[in-house]
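Participant: Structure incoming, see below.
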Amino acid sequence: MDTFKTQSGKTVTITPIKHASMEINFGGCIIQVDPVVDGALPKTDYSQWPKADIILITHDHYDHFDANAVADLCKPSTKIVTNASTADILGTGMVMANGDTLRLADDLVVHAVAAYNTTPGHTQFHPKDRDNGFILEADGLRIYIAGDTEDIEEMKEVKDIDVAFLPCNQPYTMTPAQLRHAADMVKPRVLYPYHYGDTPVDAMTEALDGTGIDVRIRSFQ
């Protein structure tokens, strides 16, 4: 796990789980992102994890959304934040579309941003305007969770990011070269390549060489 401090000294701890799944602990507020039991390996028993205060789901693909994982993590007060198609499947959830902002607590805000494919022949995987990326503002600390996307023009508007999670596995998300272009647009202080599947780690780190960004490789295969 990695720990960060917010502008007023609160602690944010990020625990990688796998692929696109992670736990973010913001001063005791537990946020689970794209939890899945076995849609991505290794299998995760979420019944053994702390109940979530917030669950963020970028879209309804099997490696990002799992109703069983959501059930294991939920308590009566859990807030589920997702896109329309996932909420329809789940039968519940706070629906966000690209451009929406939602205040989850006095010091916690989430913004939904675009996430889609642009490469010809790949656009059916993640069509424009359907799925979300998220920018989570935790007491001023800005965390960008890109979701399944390529290096889209909207990333030029993603500003002042402290921590970014950018995917790298074509044909579904980005090539290492696209990852570099995305990093150059977003300019985060810390960057975690995630959702990288069979992409060689060396290819990602070499592509990101010279950015001046703190690149951290964790268990997000």
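FYI, nothing fancy with the structure tokens labels: chains A, B, ... in order, residues from 1 per chain, ligands from 1 as they appear.
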With a cut-off of 9 Å, could you pull out the residues of segment 120-148 of chain A touching segment 97-108 of chain A and give me the nearest pair of atoms for each, distance in Å to one decimal, using only C-alpha atoms, ordered by chain and ascending number, as a tab-separated table?
Facilitator:
```
residue	atom	partner	partner_atom	distance
A:Asp129	CA	A:Asn98	CA	6.6
A:Arg130	CA	A:Ala97	CA	7.7
A:Asp131	CA	A:Ala97	CA	7.7
A:Asn132	CA	A:Asn98	CA	6.2
A:Gly133	CA	A:Asn98	CA	8.0
A:Leu136	CA	A:Leu108	CA	7.3
A:Glu137	CA	A:Leu108	CA	5.6
A:Ala138	CA	A:Leu108	CA	4.8
A:Asp139	CA	A:Asp107	CA	4.9
A:Gly140	CA	A:Asp107	CA	7.9
```
Participant: Can you check which residues of segment 13-148 of chain A DSSP gives as strand (DSSP E) on the backbone and send them as a PyMOL selection string?
Facilitator: chain A and resi 13-18+21-26+29-33+54-56+79-82+94-95+101-105+108-113+133-138+141-145
Participant: Could you check which of A:Val163, A:Ile30, A:Ala71, A:Ala84 is closest to Arg189 of chain A, using only C-alpha atoms?
Facilitator: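 Looking only at the distances to Arg189 of chain A, the closest residue turns out to be A:Val163.
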Participant: Can you tell me how far atom CA of Glu157 of chain A sits from atom CA of Ala114 of chain A, in Å to one decimal?
Facilitator: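 Calculated distance between atom CA of Glu157 of chain A and atom CA of Ala114 of chain A is 10.5 Å.
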Participant: Taking only C-alpha atoms into account, produce a table as JSON lines in which each residue of segment 73-168 of chain A with an atom at most 12 Å from an atom of segment 41-48 of chain A appears once, together with its shortest atom pair and the distance in Å to one decimal, ordered by chain and rising number.
Facilitator:
```
{"residue": "A:Leu73", "atom": "CA", "partner": "A:Tyr46", "partner_atom": "CA", "distance": 6.3}
{"residue": "A:Cys74", "atom": "CA", "partner": "A:Ser47", "partner_atom": "CA", "distance": 9.6}
{"residue": "A:Lys75", "atom": "CA", "partner": "A:Ser47", "partner_atom": "CA", "distance": 11.5}
```
Participant: Would you output that residue set with all heavy atoms, as a short mmCIF file (atom, residue, chain, number, x, y, z; two decimals), in the first residue's frame?
Facilitator:
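File selection-v9.cif, as written:
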```cif
data_model
loop_
_atom_site.label_atom_id
_atom_site.label_comp_id
_atom_site.auth_asym_id
_atom_site.auth_seq_id
_atom_site.Cartn_x
_atom_site.Cartn_y
_atom_site.Cartn_z
N LEU A 73 -19.21 -6.33 -0.17
CA LEU A 73 -18.63 -5.09 0.37
C LEU A 73 -19.66 -4.14 0.94
O LEU A 73 -19.30 -3.19 1.66
CB LEU A 73 -17.83 -4.38 -0.72
CG LEU A 73 -16.52 -5.05 -1.14
CD1 LEU A 73 -16.01 -4.44 -2.44
CD2 LEU A 73 -15.47 -4.93 -0.04
N CYS A 74 -20.93 -4.37 0.63
CA CYS A 74 -21.96 -3.40 1.01
C CYS A 74 -22.41 -3.54 2.46
O CYS A 74 -22.47 -4.63 3.03
CB CYS A 74 -23.18 -3.55 0.10
SG CYS A 74 -23.08 -2.56 -1.41
N LYS A 75 -22.73 -2.41 3.03
CA LYS A 75 -23.47 -2.29 4.29
C LYS A 75 -24.63 -1.35 4.01
O LYS A 75 -24.71 -0.77 2.91
CB LYS A 75 -22.56 -1.76 5.39
CG LYS A 75 -21.88 -0.43 5.07
CD LYS A 75 -20.88 -0.03 6.15
CE LYS A 75 -20.16 1.26 5.79
NZ LYS A 75 -19.17 1.66 6.81
#
```
Participant: Hey, which of A:Cys168, A:Ile31, A:Val37, A:Ile17 ends up closest to Asp198 of chain A? Count only C-alpha atoms.
Facilitator: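 Of the candidates, the smallest distance to Asp198 of chain A is held by A:Cys168.
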Participant: What does the structure give for the distance between atom CA of Gly39 of chain A and atom CA of His126 of chain A, in Å to one decimal?
Facilitator: 17.4 Å
Participant: Let me make sure I understand: among A:Met22, A:Leu141, A:Val70, A:Ile54, which one has the smallest atom-to-atom distance to Gln7 of chain A if we use only C-alpha atoms?
Facilitator: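 Using only C-alpha atoms, the shortest distance to Gln7 of chain A belongs to A:Leu141.
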Participant: So how far away is atom CA of Asn83 of chain A from atom CA of Thr58 of chain A, in Å?
Facilitator: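 Computed distance, atom CA of Thr58 of chain A to atom CA of Asn83 of chain A, equals 6.7 Å.
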Participant: Of the candidates A:His111, A:Phe65, A:Thr173, A:Asp162, which shows the shortest atom-to-atom distance to Ile89 of chain A, using only C-alpha atoms?
Facilitator: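 Once distances to Ile89 of chain A are computed over only C-alpha atoms, the minimum belongs to A:Phe65.
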Participant: Quick one: DSSP helix (DSSP H, G or I) residues in segment 3-181 of chain A, as a list in words?
Facilitator: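 Selection result, helix (DSSP H, G or I) within segment 3-181 of chain A: Tyr46, Ser47, Gln48, Ala67, Asn68, Ala69, Val70, Ala71, Asp72, Leu73, Ala84, Ser85, Thr86, Ala87, Asp88, Ile89, Leu90, Glu153, Glu154, Met155, Lys156, Glu157, Pro176, Ala177, Gln178, Leu179, Arg180 and His181 of chain A.
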Participant: Next, write the just-selected residues to a file, as a PDB file, in the first residue's frame, keeping N, CA and C atoms as the atom set.
Facilitator:
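As a result, out.pdb now contains:
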```pdb
ATOM      1  N   TYR A  46     -13.915 -10.843  -1.172  1.00  0.00           N
ATOM      2  CA  TYR A  46     -14.222  -9.539  -0.595  1.00  0.00           C
ATOM      3  C   TYR A  46     -14.973  -9.631   0.726  1.00  0.00           C
ATOM      4  N   SER A  47     -15.468 -10.806   1.070  1.00  0.00           N
ATOM      5  CA  SER A  47     -16.114 -10.952   2.380  1.00  0.00           C
ATOM      6  C   SER A  47     -15.106 -10.792   3.503  1.00  0.00           C
ATOM      7  N   GLN A  48     -13.814 -10.919   3.184  1.00  0.00           N
ATOM      8  CA  GLN A  48     -12.761 -10.769   4.180  1.00  0.00           C
ATOM      9  C   GLN A  48     -12.229  -9.332   4.259  1.00  0.00           C
ATOM     10  N   ALA A  67     -21.388  -8.169  -9.301  1.00  0.00           N
ATOM     11  CA  ALA A  67     -22.450  -7.970  -8.308  1.00  0.00           C
ATOM     12  C   ALA A  67     -22.159  -8.712  -7.011  1.00  0.00           C
ATOM     13  N   ASN A  68     -21.479  -9.857  -7.089  1.00  0.00           N
ATOM     14  CA  ASN A  68     -21.148 -10.600  -5.873  1.00  0.00           C
ATOM     15  C   ASN A  68     -20.129  -9.842  -5.029  1.00  0.00           C
ATOM     16  N   ALA A  69     -19.153  -9.238  -5.667  1.00  0.00           N
ATOM     17  CA  ALA A  69     -18.182  -8.433  -4.931  1.00  0.00           C
ATOM     18  C   ALA A  69     -18.866  -7.238  -4.273  1.00  0.00           C
ATOM     19  N   VAL A  70     -19.760  -6.593  -5.012  1.00  0.00           N
ATOM     20  CA  VAL A  70     -20.504  -5.457  -4.462  1.00  0.00           C
ATOM     21  C   VAL A  70     -21.311  -5.898  -3.244  1.00  0.00           C
ATOM     22  N   ALA A  71     -21.990  -7.040  -3.343  1.00  0.00           N
ATOM     23  CA  ALA A  71     -22.787  -7.539  -2.219  1.00  0.00           C
ATOM     24  C   ALA A  71     -21.918  -7.812  -0.993  1.00  0.00           C
ATOM     25  N   ASP A  72     -20.730  -8.388  -1.227  1.00  0.00           N
ATOM     26  CA  ASP A  72     -19.825  -8.681  -0.108  1.00  0.00           C
ATOM     27  C   ASP A  72     -19.344  -7.417   0.578  1.00  0.00           C
ATOM     28  N   LEU A  73     -19.207  -6.328  -0.165  1.00  0.00           N
ATOM     29  CA  LEU A  73     -18.627  -5.094   0.374  1.00  0.00           C
ATOM     30  C   LEU A  73     -19.658  -4.137   0.942  1.00  0.00           C
ATOM     31  N   ALA A  84     -24.787   4.597 -16.015  1.00  0.00           N
ATOM     32  CA  ALA A  84     -26.192   4.181 -16.128  1.00  0.00           C
ATOM     33  C   ALA A  84     -26.338   2.694 -16.405  1.00  0.00           C
ATOM     34  N   SER A  85     -25.519   2.134 -17.310  1.00  0.00           N
ATOM     35  CA  SER A  85     -25.695   0.728 -17.673  1.00  0.00           C
ATOM     36  C   SER A  85     -25.407  -0.196 -16.500  1.00  0.00           C
ATOM     37  N   THR A  86     -24.414   0.133 -15.696  1.00  0.00           N
ATOM     38  CA  THR A  86     -24.101  -0.697 -14.527  1.00  0.00           C
ATOM     39  C   THR A  86     -25.201  -0.598 -13.490  1.00  0.00           C
ATOM     40  N   ALA A  87     -25.710   0.594 -13.254  1.00  0.00           N
ATOM     41  CA  ALA A  87     -26.803   0.766 -12.290  1.00  0.00           C
ATOM     42  C   ALA A  87     -28.036  -0.003 -12.735  1.00  0.00           C
ATOM     43  N   ASP A  88     -28.291  -0.047 -14.035  1.00  0.00           N
ATOM     44  CA  ASP A  88     -29.438  -0.805 -14.545  1.00  0.00           C
ATOM     45  C   ASP A  88     -29.281  -2.289 -14.230  1.00  0.00           C
ATOM     46  N   ILE A  89     -28.081  -2.822 -14.414  1.00  0.00           N
ATOM     47  CA  ILE A  89     -27.837  -4.238 -14.137  1.00  0.00           C
ATOM     48  C   ILE A  89     -27.933  -4.516 -12.648  1.00  0.00           C
ATOM     49  N   LEU A  90     -27.348  -3.638 -11.855  1.00  0.00           N
ATOM     50  CA  LEU A  90     -27.293  -3.833 -10.413  1.00  0.00           C
ATOM     51  C   LEU A  90     -28.631  -3.553  -9.741  1.00  0.00           C
ATOM     52  N   GLU A 153      -8.644  13.254 -26.140  1.00  0.00           N
ATOM     53  CA  GLU A 153      -8.409  14.699 -26.060  1.00  0.00           C
ATOM     54  C   GLU A 153      -8.884  15.290 -24.734  1.00  0.00           C
ATOM     55  N   GLU A 154      -9.915  14.686 -24.149  1.00  0.00           N
ATOM     56  CA  GLU A 154     -10.448  15.210 -22.879  1.00  0.00           C
ATOM     57  C   GLU A 154      -9.415  15.173 -21.753  1.00  0.00           C
ATOM     58  N   MET A 155      -8.379  14.358 -21.897  1.00  0.00           N
ATOM     59  CA  MET A 155      -7.344  14.315 -20.863  1.00  0.00           C
ATOM     60  C   MET A 155      -6.597  15.640 -20.724  1.00  0.00           C
ATOM     61  N   LYS A 156      -6.642  16.471 -21.757  1.00  0.00           N
ATOM     62  CA  LYS A 156      -6.019  17.794 -21.659  1.00  0.00           C
ATOM     63  C   LYS A 156      -6.701  18.665 -20.604  1.00  0.00           C
ATOM     64  N   GLU A 157      -7.940  18.319 -20.278  1.00  0.00           N
ATOM     65  CA  GLU A 157      -8.702  19.084 -19.283  1.00  0.00           C
ATOM     66  C   GLU A 157      -8.596  18.483 -17.886  1.00  0.00           C
ATOM     67  N   PRO A 176       1.865   1.387 -24.891  1.00  0.00           N
ATOM     68  CA  PRO A 176       2.834   2.181 -24.129  1.00  0.00           C
ATOM     69  C   PRO A 176       3.032   3.588 -24.701  1.00  0.00           C
ATOM     70  N   ALA A 177       3.015   3.727 -26.018  1.00  0.00           N
ATOM     71  CA  ALA A 177       3.161   5.066 -26.611  1.00  0.00           C
ATOM     72  C   ALA A 177       1.972   5.954 -26.254  1.00  0.00           C
ATOM     73  N   GLN A 178       0.772   5.393 -26.267  1.00  0.00           N
ATOM     74  CA  GLN A 178      -0.409   6.161 -25.863  1.00  0.00           C
ATOM     75  C   GLN A 178      -0.356   6.495 -24.377  1.00  0.00           C
ATOM     76  N   LEU A 179       0.152   5.555 -23.581  1.00  0.00           N
ATOM     77  CA  LEU A 179       0.324   5.814 -22.149  1.00  0.00           C
ATOM     78  C   LEU A 179       1.216   7.031 -21.938  1.00  0.00           C
ATOM     79  N   ARG A 180       2.318   7.109 -22.700  1.00  0.00           N
ATOM     80  CA  ARG A 180       3.205   8.267 -22.588  1.00  0.00           C
ATOM     81  C   ARG A 180       2.475   9.553 -22.981  1.00  0.00           C
ATOM     82  N   HIS A 181       1.710   9.508 -24.057  1.00  0.00           N
ATOM     83  CA  HIS A 181       0.973  10.695 -24.484  1.00  0.00           C
ATOM     84  C   HIS A 181      -0.037  11.122 -23.412  1.00  0.00           C
TER      85      HIS A 181
END
```
Participant: Given the choices A:Gln32, A:Thr15, A:Thr119, A:Ser219, which gets closest to Val81 of chain A if the distance is worked out from only C-alpha atoms?
Facilitator: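 When distances to Val81 of chain A are compared using only C-alpha atoms, the smallest one comes from A:Gln32.
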